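Visitor: Below is the structure I would like to discuss, written out as structure tokens.
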Amino acid sequence: MSETIRTKFLIIGSGPAGYTAAIYAARANLQPILLQGAQPGGQLSITSDVENYPGFSSVIQGPWLMGEMENQAVHAGAVIHHDTIVSLDLSARPFVAVGEDAIYVADAIAICTGARARWLGLDSETYFRGSGVSACATCDGFFFKNRDVAVIGGGNTATEEAIYLARLAKSVTLIHRGDRLRAEKVLQQKLFDNPKISVVWNHVVEEVVGNPEPRAVTGLRLRNPKTQAEQQVSADGVFIAIGHDPATDPFRGQVECDPDGYIVTRPGSTVTNIPGVFAAGDVVDRTYRQAITAAGMGCMAALEAERFLTAAGH
Ligand code: NAP
């Protein structure tokens, strides 16, 4: 039988939104409990250089920044649990959230579960996942030291991953389905200036090619959708960096989500359709999706939760 833990304010998720909500809520004496989820620190914990988080004149590392946020939340008085929510009942207050380790009963909840990497959806991609196919260059790039790798995508993530991998790999081929990148201009310039990186434009991945025994990737079969022409690219490692989906599986049907699964909040606030349930960060945001905007929304969620709890007499 799981332990039941009572709290005024439960924060689900440990990215910049969750930790910022925890810092503000703890300082408001709400004694929040923050659940870290399966990936403590969120997406920034598996990224490398961070150059656009305000307050640092030199390059900082994502895992370091998240460690500092966690320390600050604990220092402010938040209680951190390494637990993941599997189901939730938001039909009545107090709300009940069932974790893998405990059951949490809360008067208010902030959902800050962020987003997770998207996959292409090819059978061959699934087959080689963990044996040459990855969605995290900082986690798996080391395995491809002095080898040839490919990165799929044309956004900030793909561009950053290609630049990161070029420090380790012999060559990096960026494969993009379009004819221009949507990454920030400064990143694009770094990518184009890097002699180890080449770009294949206007191609989609048809198949990840490799050997079954031992399971290993050898390359990619690509197709140009306009001309239908195919080509092969050699690669020992393939990094998929084609965007993210909101991590809302346990909340669907409980709180209003849009057709893509993003939680719907009232414009200019973190208020959801359920009084006492707030949502912040990438789990609501399909537009900006930055650490700093997530942190800002986490702050809003804590302030709005505090007002809600005061009005509700807690
Ligand atoms: P993104 O900006 O949505 O870019 C996804 C890329 O993948 C696009 O180029 C897209 O192509 C391509 N793509 C999507 N589905 C595909 C498919 N099925 N097959 C092939 N290509 C596909 O995602 P992201 O790069 O992960 O970035 C997510 C958000 O985080 C963005 O707002 C980004 O600015 C932010 N971010 C910021 C930083 C930073 O500031 N340093 C770092 C990382 C991420 P099209 O271009 O043709 O649509």
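Residues are referred to by chain and number: the chain letter is A, B, ... according to the order shown in the structure tokens, the number counts from 1 in that chain, and ligands are numbered separately from 1 in the order shown.
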What residues of the protein or nucleic acid chains come within 10 Å of ligand 1 when you use only C-alpha atoms and all ligand atoms? Reply as a PyMOL selection string.

Guide: chain A and resi 43-44+47-53+115-122+152-161+175-184+186-187+202-206+240-245+282+285-292

Visitor: Please save C-alpha atoms of the selected residues as a compact mmCIF listing (two decimals), in the first residue's frame.

Guide:
# COMPACT_ATOMS: atom_id res chain seq x y z
CA GLN A 43 15.16 18.74 -21.32
CA LEU A 44 17.95 21.05 -20.13
CA THR A 47 21.52 19.52 -23.30
CA SER A 48 25.02 20.97 -23.27
CA ASP A 49 25.88 24.64 -23.80
CA VAL A 50 23.32 27.22 -22.72
CA GLU A 51 24.09 30.69 -24.01
CA ASN A 52 20.74 32.45 -23.82
CA TYR A 53 19.64 32.09 -20.20
CA ALA A 115 7.72 18.04 -23.64
CA ARG A 116 9.58 15.04 -24.97
CA ALA A 117 11.45 14.29 -28.16
CA ARG A 118 9.51 13.27 -31.25
CA TRP A 119 10.47 10.28 -33.41
CA LEU A 120 10.12 9.81 -37.17
CA GLY A 121 7.94 6.73 -36.72
CA LEU A 122 9.87 4.38 -39.01
CA ILE A 152 17.73 14.83 -38.76
CA GLY A 153 15.85 18.14 -38.46
CA GLY A 154 16.18 21.83 -39.19
CA GLY A 155 15.36 23.63 -35.93
CA ASN A 156 17.43 24.86 -33.00
CA THR A 157 17.74 21.38 -31.53
CA ALA A 158 19.04 19.78 -34.74
CA THR A 159 21.47 22.64 -35.34
CA GLU A 160 22.79 22.60 -31.77
CA GLU A 161 23.14 18.82 -31.83
CA ILE A 175 19.51 16.10 -43.15
CA HIS A 176 16.61 18.48 -43.48
CA ARG A 177 13.31 18.04 -45.31
CA GLY A 178 13.20 21.75 -46.22
CA ASP A 179 15.48 24.16 -48.04
CA ARG A 180 16.17 26.46 -45.08
CA LEU A 181 16.76 26.02 -41.38
CA ARG A 182 14.41 27.44 -38.80
CA ALA A 183 17.20 27.65 -36.20
CA GLU A 184 18.40 30.99 -34.82
CA VAL A 186 23.67 32.75 -34.87
CA LEU A 187 23.42 28.95 -34.66
CA ASN A 202 15.06 18.65 -49.24
CA HIS A 203 15.34 15.01 -48.17
CA VAL A 204 13.34 12.82 -45.83
CA VAL A 205 14.53 9.60 -44.23
CA GLU A 206 12.99 6.52 -45.81
CA ILE A 240 16.66 12.49 -34.49
CA ALA A 241 15.96 16.14 -33.61
CA ILE A 242 12.59 16.94 -35.17
CA GLY A 243 10.78 18.64 -32.31
CA HIS A 244 8.84 17.72 -29.24
CA ASP A 245 5.40 16.70 -28.04
CA ASP A 282 6.44 23.58 -22.63
CA ASP A 285 3.59 26.47 -24.97
CA ARG A 286 3.93 25.56 -28.63
CA THR A 287 5.33 28.97 -29.58
CA TYR A 288 8.31 30.04 -27.49
CA ARG A 289 9.46 26.88 -25.68
CA GLN A 290 12.47 28.51 -24.04
CA ALA A 291 13.91 27.87 -20.59
CA ILE A 292 13.34 31.50 -19.67

Visitor: With a distance cut-off of 8 Å and only C-alpha atoms, select the neighbouring residues of Ser234 (chain A), excluding the residue or stretch itself and same-chain residues fewer than 3 positions from it, and output the selection as a count of residues only.

Guide: 5

Visitor: Would you compute the distance between CA of Leu191 (chain A) and CA of Val133 (chain A)? Give it in Å to one decimal.

Guide: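 If I compute the distance from CA of Leu191 (chain A) to CA of Val133 (chain A), I get 21.5 Å.
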
Visitor: Would you pick out the contacts of Ala235 (chain A) at 10 Å or less, using only C-alpha atoms, so that residues sharing its chain but fewer than 5 positions from it are not included, and give the list as a count of residues only?

Guide: 17

Visitor: Got a sec: who's within 7 Å of Leu35 (chain A), counting only C-alpha atoms, leaving out chain neighbours fewer than 6 positions off, as a compact mmCIF listing (two decimals) with N, CA and C atoms, in the first residue's frame?

Guide:
# COMPACT_ATOMS: atom_id res chain seq x y z
N ILE A 11 3.63 20.32 -7.28
CA ILE A 11 4.21 20.75 -8.57
C ILE A 11 4.70 19.49 -9.27
N ILE A 12 4.19 19.25 -10.46
CA ILE A 12 4.57 18.03 -11.19
C ILE A 12 5.51 18.43 -12.32
N GLY A 13 6.78 18.02 -12.21
CA GLY A 13 7.74 18.33 -13.26
C GLY A 13 8.91 19.15 -12.73
N SER A 14 10.09 18.90 -13.26
CA SER A 14 11.31 19.51 -12.70
C SER A 14 12.15 20.22 -13.74
N ILE A 80 11.48 17.98 -2.47
CA ILE A 80 11.60 17.36 -3.79
C ILE A 80 11.45 15.85 -3.63
N HIS A 81 10.59 15.25 -4.44
CA HIS A 81 10.46 13.79 -4.45
C HIS A 81 10.83 13.29 -5.83
N HIS A 82 11.58 12.19 -5.85
CA HIS A 82 11.93 11.58 -7.14
C HIS A 82 10.83 10.59 -7.51
N ASP A 83 9.68 11.13 -7.92
CA ASP A 83 8.52 10.28 -8.20
C ASP A 83 7.88 10.74 -9.51
N THR A 84 7.16 9.84 -10.15
CA THR A 84 6.51 10.12 -11.44
C THR A 84 5.03 9.83 -11.31

Visitor: Please determine, counting only C-alpha atoms, which residue among A:Phe95, A:Phe278, A:Tyr164, A:Phe239 has the shortest atom-to-atom distance to Asp107 (chain A).

Guide: A:Phe95

Visitor: In region 96-183 of chain A, what's alpha helix (DSSP H) per DSSP? Answer as a PyMOL selection string?

Guide: chain A and resi 123-128+137-140+156-166

Visitor: Could those selected residues go to a file with N, CA and C atoms, as a PDB file, in the first residue's frame?

Guide:
ATOM      1  N   ASP A 123       9.819   1.953 -38.822  1.00  0.00           N
ATOM      2  CA  ASP A 123      10.131   0.671 -38.158  1.00  0.00           C
ATOM      3  C   ASP A 123      11.637   0.515 -37.959  1.00  0.00           C
ATOM      4  N   SER A 124      12.396   0.926 -38.976  1.00  0.00           N
ATOM      5  CA  SER A 124      13.854   0.770 -38.898  1.00  0.00           C
ATOM      6  C   SER A 124      14.437   1.671 -37.802  1.00  0.00           C
ATOM      7  N   GLU A 125      13.811   2.821 -37.573  1.00  0.00           N
ATOM      8  CA  GLU A 125      14.252   3.724 -36.494  1.00  0.00           C
ATOM      9  C   GLU A 125      14.061   3.036 -35.142  1.00  0.00           C
ATOM     10  N   THR A 126      12.874   2.417 -34.971  1.00  0.00           N
ATOM     11  CA  THR A 126      12.590   1.710 -33.715  1.00  0.00           C
ATOM     12  C   THR A 126      13.573   0.556 -33.534  1.00  0.00           C
ATOM     13  N   TYR A 127      13.816  -0.153 -34.627  1.00  0.00           N
ATOM     14  CA  TYR A 127      14.689  -1.343 -34.570  1.00  0.00           C
ATOM     15  C   TYR A 127      16.100  -0.964 -34.078  1.00  0.00           C
ATOM     16  N   PHE A 128      16.601   0.179 -34.562  1.00  0.00           N
ATOM     17  CA  PHE A 128      17.991   0.557 -34.235  1.00  0.00           C
ATOM     18  C   PHE A 128      18.085   1.537 -33.051  1.00  0.00           C
ATOM     19  N   ALA A 137      22.012  13.942 -28.384  1.00  0.00           N
ATOM     20  CA  ALA A 137      23.439  13.972 -28.722  1.00  0.00           C
ATOM     21  C   ALA A 137      24.316  14.036 -27.476  1.00  0.00           C
ATOM     22  N   THR A 138      23.882  14.800 -26.464  1.00  0.00           N
ATOM     23  CA  THR A 138      24.743  14.905 -25.284  1.00  0.00           C
ATOM     24  C   THR A 138      24.769  13.599 -24.483  1.00  0.00           C
ATOM     25  N   CYS A 139      23.675  12.793 -24.628  1.00  0.00           N
ATOM     26  CA  CYS A 139      23.683  11.498 -23.926  1.00  0.00           C
ATOM     27  C   CYS A 139      24.551  10.485 -24.676  1.00  0.00           C
ATOM     28  N   ASP A 140      24.415  10.436 -25.996  1.00  0.00           N
ATOM     29  CA  ASP A 140      24.964   9.317 -26.762  1.00  0.00           C
ATOM     30  C   ASP A 140      26.083   9.704 -27.745  1.00  0.00           C
ATOM     31  N   ASN A 156      16.342  24.572 -33.932  1.00  0.00           N
ATOM     32  CA  ASN A 156      17.432  24.861 -32.997  1.00  0.00           C
ATOM     33  C   ASN A 156      18.059  23.585 -32.453  1.00  0.00           C
ATOM     34  N   THR A 157      17.209  22.609 -32.129  1.00  0.00           N
ATOM     35  CA  THR A 157      17.745  21.383 -31.530  1.00  0.00           C
ATOM     36  C   THR A 157      18.674  20.683 -32.506  1.00  0.00           C
ATOM     37  N   ALA A 158      18.224  20.484 -33.744  1.00  0.00           N
ATOM     38  CA  ALA A 158      19.044  19.778 -34.738  1.00  0.00           C
ATOM     39  C   ALA A 158      20.351  20.527 -34.970  1.00  0.00           C
ATOM     40  N   THR A 159      20.277  21.841 -35.052  1.00  0.00           N
ATOM     41  CA  THR A 159      21.471  22.642 -35.336  1.00  0.00           C
ATOM     42  C   THR A 159      22.450  22.568 -34.164  1.00  0.00           C
ATOM     43  N   GLU A 160      21.920  22.692 -32.948  1.00  0.00           N
ATOM     44  CA  GLU A 160      22.790  22.601 -31.766  1.00  0.00           C
ATOM     45  C   GLU A 160      23.414  21.214 -31.657  1.00  0.00           C
ATOM     46  N   GLU A 161      22.606  20.187 -31.940  1.00  0.00           N
ATOM     47  CA  GLU A 161      23.138  18.819 -31.828  1.00  0.00           C
ATOM     48  C   GLU A 161      24.232  18.589 -32.864  1.00  0.00           C
ATOM     49  N   ALA A 162      24.036  19.109 -34.067  1.00  0.00           N
ATOM     50  CA  ALA A 162      25.058  18.938 -35.114  1.00  0.00           C
ATOM     51  C   ALA A 162      26.358  19.618 -34.690  1.00  0.00           C
ATOM     52  N   ILE A 163      26.242  20.823 -34.138  1.00  0.00           N
ATOM     53  CA  ILE A 163      27.448  21.557 -33.704  1.00  0.00           C
ATOM     54  C   ILE A 163      28.131  20.813 -32.559  1.00  0.00           C
ATOM     55  N   TYR A 164      27.329  20.320 -31.635  1.00  0.00           N
ATOM     56  CA  TYR A 164      27.883  19.568 -30.504  1.00  0.00           C
ATOM     57  C   TYR A 164      28.598  18.307 -30.991  1.00  0.00           C
ATOM     58  N   LEU A 165      27.932  17.576 -31.887  1.00  0.00           N
ATOM     59  CA  LEU A 165      28.507  16.308 -32.375  1.00  0.00           C
ATOM     60  C   LEU A 165      29.782  16.537 -33.185  1.00  0.00           C
ATOM     61  N   ALA A 166      29.878  17.691 -33.844  1.00  0.00           N
ATOM     62  CA  ALA A 166      31.071  17.974 -34.657  1.00  0.00           C
ATOM     63  C   ALA A 166      32.329  18.039 -33.776  1.00  0.00           C
TER      64      ALA A 166
END

Visitor: Find the nearest atom pair between each residue of region 105-175 of chain A and region 258-265 of chain A for residues within 12 Å, count only C-alpha atoms, give distances in Å to one decimal, sort rows by chain and ascending number, and present the table as JSON lines.

Guide:
{"residue": "A:Ala110", "atom": "CA", "partner": "A:Ile263", "partner_atom": "CA", "distance": 11.5}
{"residue": "A:Ile111", "atom": "CA", "partner": "A:Ile263", "partner_atom": "CA", "distance": 9.0}
{"residue": "A:Cys112", "atom": "CA", "partner": "A:Ile263", "partner_atom": "CA", "distance": 10.2}
{"residue": "A:Thr113", "atom": "CA", "partner": "A:Ile263", "partner_atom": "CA", "distance": 10.5}
{"residue": "A:Gly114", "atom": "CA", "partner": "A:Tyr262", "partner_atom": "CA", "distance": 9.6}
{"residue": "A:Ala115", "atom": "CA", "partner": "A:Tyr262", "partner_atom": "CA", "distance": 9.3}

Visitor: Output N, CA and C atoms for every residue in that selection, as a PDB file, in the first residue's frame.

Guide:
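Contents of again_2.pdb, freshly written:
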ATOM      1  N   ALA A 110       0.290  22.387  -9.917  1.00  0.00           N
ATOM      2  CA  ALA A 110       0.866  23.003 -11.120  1.00  0.00           C
ATOM      3  C   ALA A 110       1.446  21.883 -11.979  1.00  0.00           C
ATOM      4  N   ILE A 111       0.968  21.800 -13.212  1.00  0.00           N
ATOM      5  CA  ILE A 111       1.479  20.793 -14.156  1.00  0.00           C
ATOM      6  C   ILE A 111       2.587  21.455 -14.977  1.00  0.00           C
ATOM      7  N   CYS A 112       3.799  20.947 -14.805  1.00  0.00           N
ATOM      8  CA  CYS A 112       4.978  21.540 -15.471  1.00  0.00           C
ATOM      9  C   CYS A 112       5.793  20.404 -16.085  1.00  0.00           C
ATOM     10  N   THR A 113       5.117  19.512 -16.799  1.00  0.00           N
ATOM     11  CA  THR A 113       5.764  18.273 -17.247  1.00  0.00           C
ATOM     12  C   THR A 113       6.508  18.409 -18.563  1.00  0.00           C
ATOM     13  N   GLY A 114       6.447  19.589 -19.200  1.00  0.00           N
ATOM     14  CA  GLY A 114       7.286  19.837 -20.359  1.00  0.00           C
ATOM     15  C   GLY A 114       6.911  19.039 -21.593  1.00  0.00           C
ATOM     16  N   ALA A 115       7.934  18.725 -22.364  1.00  0.00           N
ATOM     17  CA  ALA A 115       7.720  18.044 -23.642  1.00  0.00           C
ATOM     18  C   ALA A 115       8.817  17.007 -23.832  1.00  0.00           C
TER      19      ALA A 115
END

Visitor: Between CA of Ile109 (chain A) and CA of Ala97 (chain A), what is the distance in Å, rounded to a tenth?

Guide: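 Between CA of Ile109 (chain A) and CA of Ala97 (chain A) the gap works out to 9.3 Å.
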
Visitor: Mind listing the strand (DSSP E or B) residues of region 122-276 of chain A, per DSSP on the backbone, as JSON, numbers by chain?

Guide: {"A": [129, 133, 134, 148, 149, 150, 151, 152, 171, 172, 173, 174, 175, 197, 198, 199, 200, 204, 205, 206, 207, 208, 209, 210, 211, 216, 217, 218, 219, 220, 221, 222, 223, 230, 231, 232, 233, 234, 237, 238, 239, 240, 244, 245, 246, 252, 255, 257, 263, 271]}

Visitor: Please write the residues from the selection above to a file, keeping N, CA and C atoms, as a CSV table (one decimal), in the first residue's frame.

Guide:
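Full text of again_25.csv as output:
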chain,number,residue,atom,x,y,z
A,129,ARG,N,16.9,1.8,-32.4
A,129,ARG,CA,17.0,2.7,-31.3
A,129,ARG,C,17.9,2.2,-30.2
A,133,VAL,N,20.7,4.7,-33.2
A,133,VAL,CA,19.7,5.7,-33.3
A,133,VAL,C,19.4,6.3,-31.9
A,134,SER,N,19.4,7.6,-31.8
A,134,SER,CA,19.3,8.3,-30.6
A,134,SER,C,18.5,9.6,-30.8
A,148,ASP,N,31.2,8.7,-38.2
A,148,ASP,CA,30.3,9.6,-39.0
A,148,ASP,C,28.9,9.5,-38.5
A,149,VAL,N,28.3,10.7,-38.3
A,149,VAL,CA,27.0,10.7,-37.7
A,149,VAL,C,26.1,11.6,-38.6
A,150,ALA,N,24.8,11.3,-38.5
A,150,ALA,CA,23.8,12.2,-39.2
A,150,ALA,C,22.8,12.7,-38.2
A,151,VAL,N,22.3,13.9,-38.4
A,151,VAL,CA,21.3,14.6,-37.6
A,151,VAL,C,20.1,14.9,-38.5
A,152,ILE,N,18.9,14.6,-38.0
A,152,ILE,CA,17.7,14.8,-38.8
A,152,ILE,C,17.0,16.0,-38.1
A,171,SER,N,32.6,13.3,-39.0
A,171,SER,CA,31.8,14.1,-39.9
A,171,SER,C,30.4,14.1,-39.4
A,172,VAL,N,29.7,15.2,-39.7
A,172,VAL,CA,28.3,15.3,-39.3
A,172,VAL,C,27.5,15.7,-40.6
A,173,THR,N,26.5,14.9,-40.9
A,173,THR,CA,25.6,15.3,-42.0
A,173,THR,C,24.2,15.7,-41.4
A,174,LEU,N,23.9,16.9,-41.7
A,174,LEU,CA,22.5,17.4,-41.2
A,174,LEU,C,21.6,17.1,-42.4
A,175,ILE,N,20.5,16.4,-42.1
A,175,ILE,CA,19.5,16.1,-43.2
A,175,ILE,C,18.2,16.8,-42.8
A,197,ILE,N,30.7,19.8,-40.8
A,197,ILE,CA,29.3,19.6,-41.0
A,197,ILE,C,28.9,19.9,-42.4
A,198,SER,N,28.2,19.0,-43.0
A,198,SER,CA,27.6,19.2,-44.4
A,198,SER,C,26.0,19.1,-44.2
A,199,VAL,N,25.3,19.7,-45.1
A,199,VAL,CA,23.9,19.7,-45.1
A,199,VAL,C,23.3,19.0,-46.3
A,200,VAL,N,22.4,18.1,-46.1
A,200,VAL,CA,21.6,17.6,-47.3
A,200,VAL,C,20.2,18.2,-47.2
A,204,VAL,N,13.9,13.5,-47.0
A,204,VAL,CA,13.3,12.8,-45.8
A,204,VAL,C,14.0,11.4,-45.7
A,205,VAL,N,13.9,10.9,-44.5
A,205,VAL,CA,14.5,9.6,-44.2
A,205,VAL,C,13.5,8.5,-44.6
A,206,GLU,N,13.9,7.6,-45.5
A,206,GLU,CA,13.0,6.5,-45.8
A,206,GLU,C,13.3,5.3,-44.9
A,207,GLU,N,14.6,5.1,-44.6
A,207,GLU,CA,14.9,3.9,-43.8
A,207,GLU,C,16.3,4.2,-43.1
A,208,VAL,N,16.4,3.7,-41.9
A,208,VAL,CA,17.7,3.6,-41.3
A,208,VAL,C,18.3,2.2,-41.7
A,209,VAL,N,19.4,2.2,-42.2
A,209,VAL,CA,20.0,1.0,-42.8
A,209,VAL,C,21.1,0.5,-41.8
A,210,GLY,N,21.3,-0.8,-41.7
A,210,GLY,CA,22.3,-1.3,-40.8
A,210,GLY,C,22.4,-2.8,-40.8
A,211,ASN,N,23.2,-3.3,-39.8
A,211,ASN,CA,23.4,-4.8,-39.7
A,211,ASN,C,22.6,-5.3,-38.5
A,216,ALA,N,23.8,-2.7,-35.6
A,216,ALA,CA,24.5,-1.4,-35.8
A,216,ALA,C,24.1,-0.7,-37.0
A,217,VAL,N,24.0,0.6,-36.9
A,217,VAL,CA,23.6,1.4,-38.1
A,217,VAL,C,24.8,1.6,-39.0
A,218,THR,N,24.5,1.6,-40.3
A,218,THR,CA,25.6,1.9,-41.3
A,218,THR,C,25.2,3.1,-42.1
A,219,GLY,N,23.9,3.5,-42.2
A,219,GLY,CA,23.6,4.7,-42.9
A,219,GLY,C,22.1,4.9,-43.0
A,220,LEU,N,21.8,5.8,-44.0
A,220,LEU,CA,20.4,6.2,-44.2
A,220,LEU,C,20.0,6.1,-45.6
A,221,ARG,N,18.8,5.7,-45.9
A,221,ARG,CA,18.3,5.8,-47.3
A,221,ARG,C,17.3,7.0,-47.3
A,222,LEU,N,17.7,8.0,-48.2
A,222,LEU,CA,16.9,9.3,-48.2
A,222,LEU,C,16.1,9.4,-49.5
A,223,ARG,N,15.1,10.2,-49.4
A,223,ARG,CA,14.3,10.4,-50.7
A,223,ARG,C,14.0,11.9,-50.7
A,230,GLU,N,16.3,9.0,-54.8
A,230,GLU,CA,16.8,8.4,-53.6
A,230,GLU,C,18.3,8.6,-53.5
A,231,GLN,N,18.8,8.6,-52.3
A,231,GLN,CA,20.3,8.6,-52.1
A,231,GLN,C,20.6,8.0,-50.8
A,232,GLN,N,21.8,7.4,-50.7
A,232,GLN,CA,22.3,6.8,-49.4
A,232,GLN,C,23.3,7.7,-48.8
A,233,VAL,N,23.2,7.8,-47.4
A,233,VAL,CA,24.2,8.6,-46.7
A,233,VAL,C,24.8,7.6,-45.7
A,234,SER,N,26.2,7.5,-45.6
A,234,SER,CA,26.8,6.7,-44.6
A,234,SER,C,26.8,7.3,-43.2
A,237,GLY,N,26.0,6.7,-36.6
A,237,GLY,CA,25.0,7.1,-35.6
A,237,GLY,C,24.0,8.1,-36.2
A,238,VAL,N,22.8,8.0,-35.8
A,238,VAL,CA,21.7,8.9,-36.3
A,238,VAL,C,21.0,9.5,-35.2
A,239,PHE,N,21.0,10.9,-35.2
A,239,PHE,CA,20.3,11.6,-34.1
A,239,PHE,C,19.1,12.3,-34.6
A,240,ILE,N,17.9,11.9,-34.1
A,240,ILE,CA,16.7,12.5,-34.5
A,240,ILE,C,16.4,13.7,-33.7
A,244,HIS,N,9.3,18.3,-30.5
A,244,HIS,CA,8.8,17.7,-29.2
A,244,HIS,C,7.3,17.7,-29.2
A,245,ASP,N,6.8,16.8,-28.3
A,245,ASP,CA,5.4,16.7,-28.0
A,245,ASP,C,5.2,16.9,-26.6
A,246,PRO,N,4.1,17.6,-26.2
A,246,PRO,CA,3.8,17.9,-24.8
A,246,PRO,C,3.7,16.6,-24.0
A,252,ARG,N,-4.6,13.8,-19.9
A,252,ARG,CA,-5.7,13.9,-21.0
A,252,ARG,C,-7.0,13.3,-20.4
A,255,VAL,N,-7.9,17.4,-17.8
A,255,VAL,CA,-7.8,18.8,-17.9
A,255,VAL,C,-7.8,19.1,-19.4
A,257,CYS,N,-7.1,19.9,-23.0
A,257,CYS,CA,-6.0,19.9,-23.9
A,257,CYS,C,-6.4,20.2,-25.3
A,263,ILE,N,-1.8,21.5,-22.9
A,263,ILE,CA,-2.8,21.9,-22.0
A,263,ILE,C,-3.3,23.4,-22.3
A,271,VAL,N,-3.9,29.5,-15.7
A,271,VAL,CA,-5.2,28.9,-15.2
A,271,VAL,C,-5.7,28.0,-16.2

Visitor: Using only C-alpha atoms, which of A:Leu30, A:Leu10, A:Leu168, A:Ala21 sits nearest Gly298 (chain A)?

Guide: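 Closest to Gly298 (chain A) of all the choices is A:Ala21.
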
Visitor: Within 9 Å of Thr7 (chain A), counting only C-alpha atoms, which residues show up once you throw out same-chain ones fewer than 2 positions away? Write them as JSON, numbers by chain, please.

Guide: {"A": [5, 9, 10, 30, 31, 32, 33, 104, 105, 106, 107, 108]}

Visitor: Emit the selected residues as a CSV table (one decimal), in the first residue's frame, including all heavy atoms.

Guide:
chain,number,residue,atom,x,y,z
A,5,ILE,N,0.6,11.3,0.9
A,5,ILE,CA,1.2,12.5,1.4
A,5,ILE,C,0.3,13.7,1.1
A,5,ILE,O,-0.1,13.9,-0.1
A,5,ILE,CB,2.6,12.7,0.6
A,5,ILE,CG1,3.5,11.5,1.0
A,5,ILE,CG2,3.2,14.0,1.0
A,5,ILE,CD1,4.8,11.4,0.2
A,9,PHE,N,0.2,22.4,-2.1
A,9,PHE,CA,0.6,22.7,-3.5
A,9,PHE,C,1.5,21.7,-4.0
A,9,PHE,O,2.7,21.5,-3.5
A,9,PHE,CB,1.2,24.1,-3.5
A,9,PHE,CG,1.4,24.6,-4.9
A,9,PHE,CD1,0.6,24.3,-6.0
A,9,PHE,CD2,2.5,25.5,-5.2
A,9,PHE,CE1,0.8,24.8,-7.3
A,9,PHE,CE2,2.7,26.0,-6.4
A,9,PHE,CZ,1.9,25.7,-7.5
A,10,LEU,N,1.1,20.9,-5.0
A,10,LEU,CA,1.9,19.9,-5.7
A,10,LEU,C,2.3,20.4,-7.0
A,10,LEU,O,1.5,20.9,-7.8
A,10,LEU,CB,1.1,18.6,-5.9
A,10,LEU,CG,1.8,17.4,-6.5
A,10,LEU,CD1,2.8,16.9,-5.5
A,10,LEU,CD2,0.8,16.3,-6.9
A,30,LEU,N,4.0,28.1,1.0
A,30,LEU,CA,3.0,27.1,0.6
A,30,LEU,C,3.5,25.7,0.9
A,30,LEU,O,2.8,24.8,0.7
A,30,LEU,CB,2.6,27.3,-0.9
A,30,LEU,CG,2.0,28.6,-1.3
A,30,LEU,CD1,1.6,28.6,-2.7
A,30,LEU,CD2,0.7,28.8,-0.4
A,31,GLN,N,4.8,25.6,1.3
A,31,GLN,CA,5.4,24.3,1.5
A,31,GLN,C,5.1,23.3,0.4
A,31,GLN,O,4.6,22.2,0.6
A,31,GLN,CB,4.9,23.7,2.9
A,31,GLN,CG,5.3,24.6,4.0
A,31,GLN,CD,4.4,24.5,5.2
A,31,GLN,OE1,3.2,24.2,5.1
A,31,GLN,NE2,5.0,24.6,6.4
A,32,PRO,N,5.5,23.7,-0.8
A,32,PRO,CA,5.2,22.9,-2.0
A,32,PRO,C,6.0,21.5,-2.0
A,32,PRO,O,7.1,21.5,-1.5
A,32,PRO,CB,5.7,23.7,-3.2
A,32,PRO,CG,6.8,24.6,-2.6
A,32,PRO,CD,6.4,24.8,-1.2
A,33,ILE,N,5.4,20.6,-2.6
A,33,ILE,CA,6.1,19.3,-3.0
A,33,ILE,C,6.3,19.3,-4.5
A,33,ILE,O,5.3,19.5,-5.2
A,33,ILE,CB,5.4,18.1,-2.5
A,33,ILE,CG1,5.4,18.0,-1.0
A,33,ILE,CG2,6.0,16.8,-3.1
A,33,ILE,CD1,4.6,16.8,-0.4
A,104,TYR,N,-0.4,11.4,-3.7
A,104,TYR,CA,-0.3,12.8,-3.2
A,104,TYR,C,-1.7,13.4,-3.2
A,104,TYR,O,-2.4,13.3,-4.2
A,104,TYR,CB,0.6,13.6,-4.1
A,104,TYR,CG,2.0,13.0,-4.2
A,104,TYR,CD1,2.3,12.0,-5.1
A,104,TYR,CD2,3.0,13.4,-3.3
A,104,TYR,CE1,3.5,11.4,-5.2
A,104,TYR,CE2,4.2,12.8,-3.3
A,104,TYR,CZ,4.5,11.8,-4.3
A,104,TYR,OH,5.7,11.2,-4.3
A,105,VAL,N,-2.1,14.1,-2.1
A,105,VAL,CA,-3.4,14.7,-2.0
A,105,VAL,C,-3.1,16.2,-1.9
A,105,VAL,O,-2.4,16.6,-1.0
A,105,VAL,CB,-4.2,14.2,-0.8
A,105,VAL,CG1,-5.5,14.9,-0.7
A,105,VAL,CG2,-4.4,12.7,-1.0
A,106,ALA,N,-3.6,17.0,-2.8
A,106,ALA,CA,-3.2,18.4,-2.9
A,106,ALA,C,-4.4,19.3,-3.1
A,106,ALA,O,-5.4,19.0,-3.8
A,106,ALA,CB,-2.2,18.6,-4.1
A,107,ASP,N,-4.3,20.6,-2.5
A,107,ASP,CA,-5.3,21.6,-2.7
A,107,ASP,C,-5.2,22.3,-4.1
A,107,ASP,O,-6.1,22.8,-4.6
A,107,ASP,CB,-5.3,22.6,-1.6
A,107,ASP,CG,-5.6,21.9,-0.2
A,107,ASP,OD1,-6.5,21.1,-0.2
A,107,ASP,OD2,-4.7,22.0,0.7
A,108,ALA,N,-4.0,22.4,-4.5
A,108,ALA,CA,-3.7,23.0,-5.8
A,108,ALA,C,-2.6,22.3,-6.5
A,108,ALA,O,-1.7,21.7,-5.8
A,108,ALA,CB,-3.3,24.5,-5.7

Visitor: Could you jot down the CA of Asn224 (chain A) to CA of Ala135 (chain A) separation for me, Å, one decimal place?

Guide: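 Computing the Euclidean distance for CA of Asn224 (chain A) and CA of Ala135 (chain A) yields 22.9 Å.
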
Visitor: Taking only C-alpha atoms into account, name the residue in A:Gly296, A:Gly62, A:Gly253, A:Pro54 that is nearest to Ser269 (chain A).

Guide: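 Closest residue, counting only C-alpha atoms: A:Gly296.
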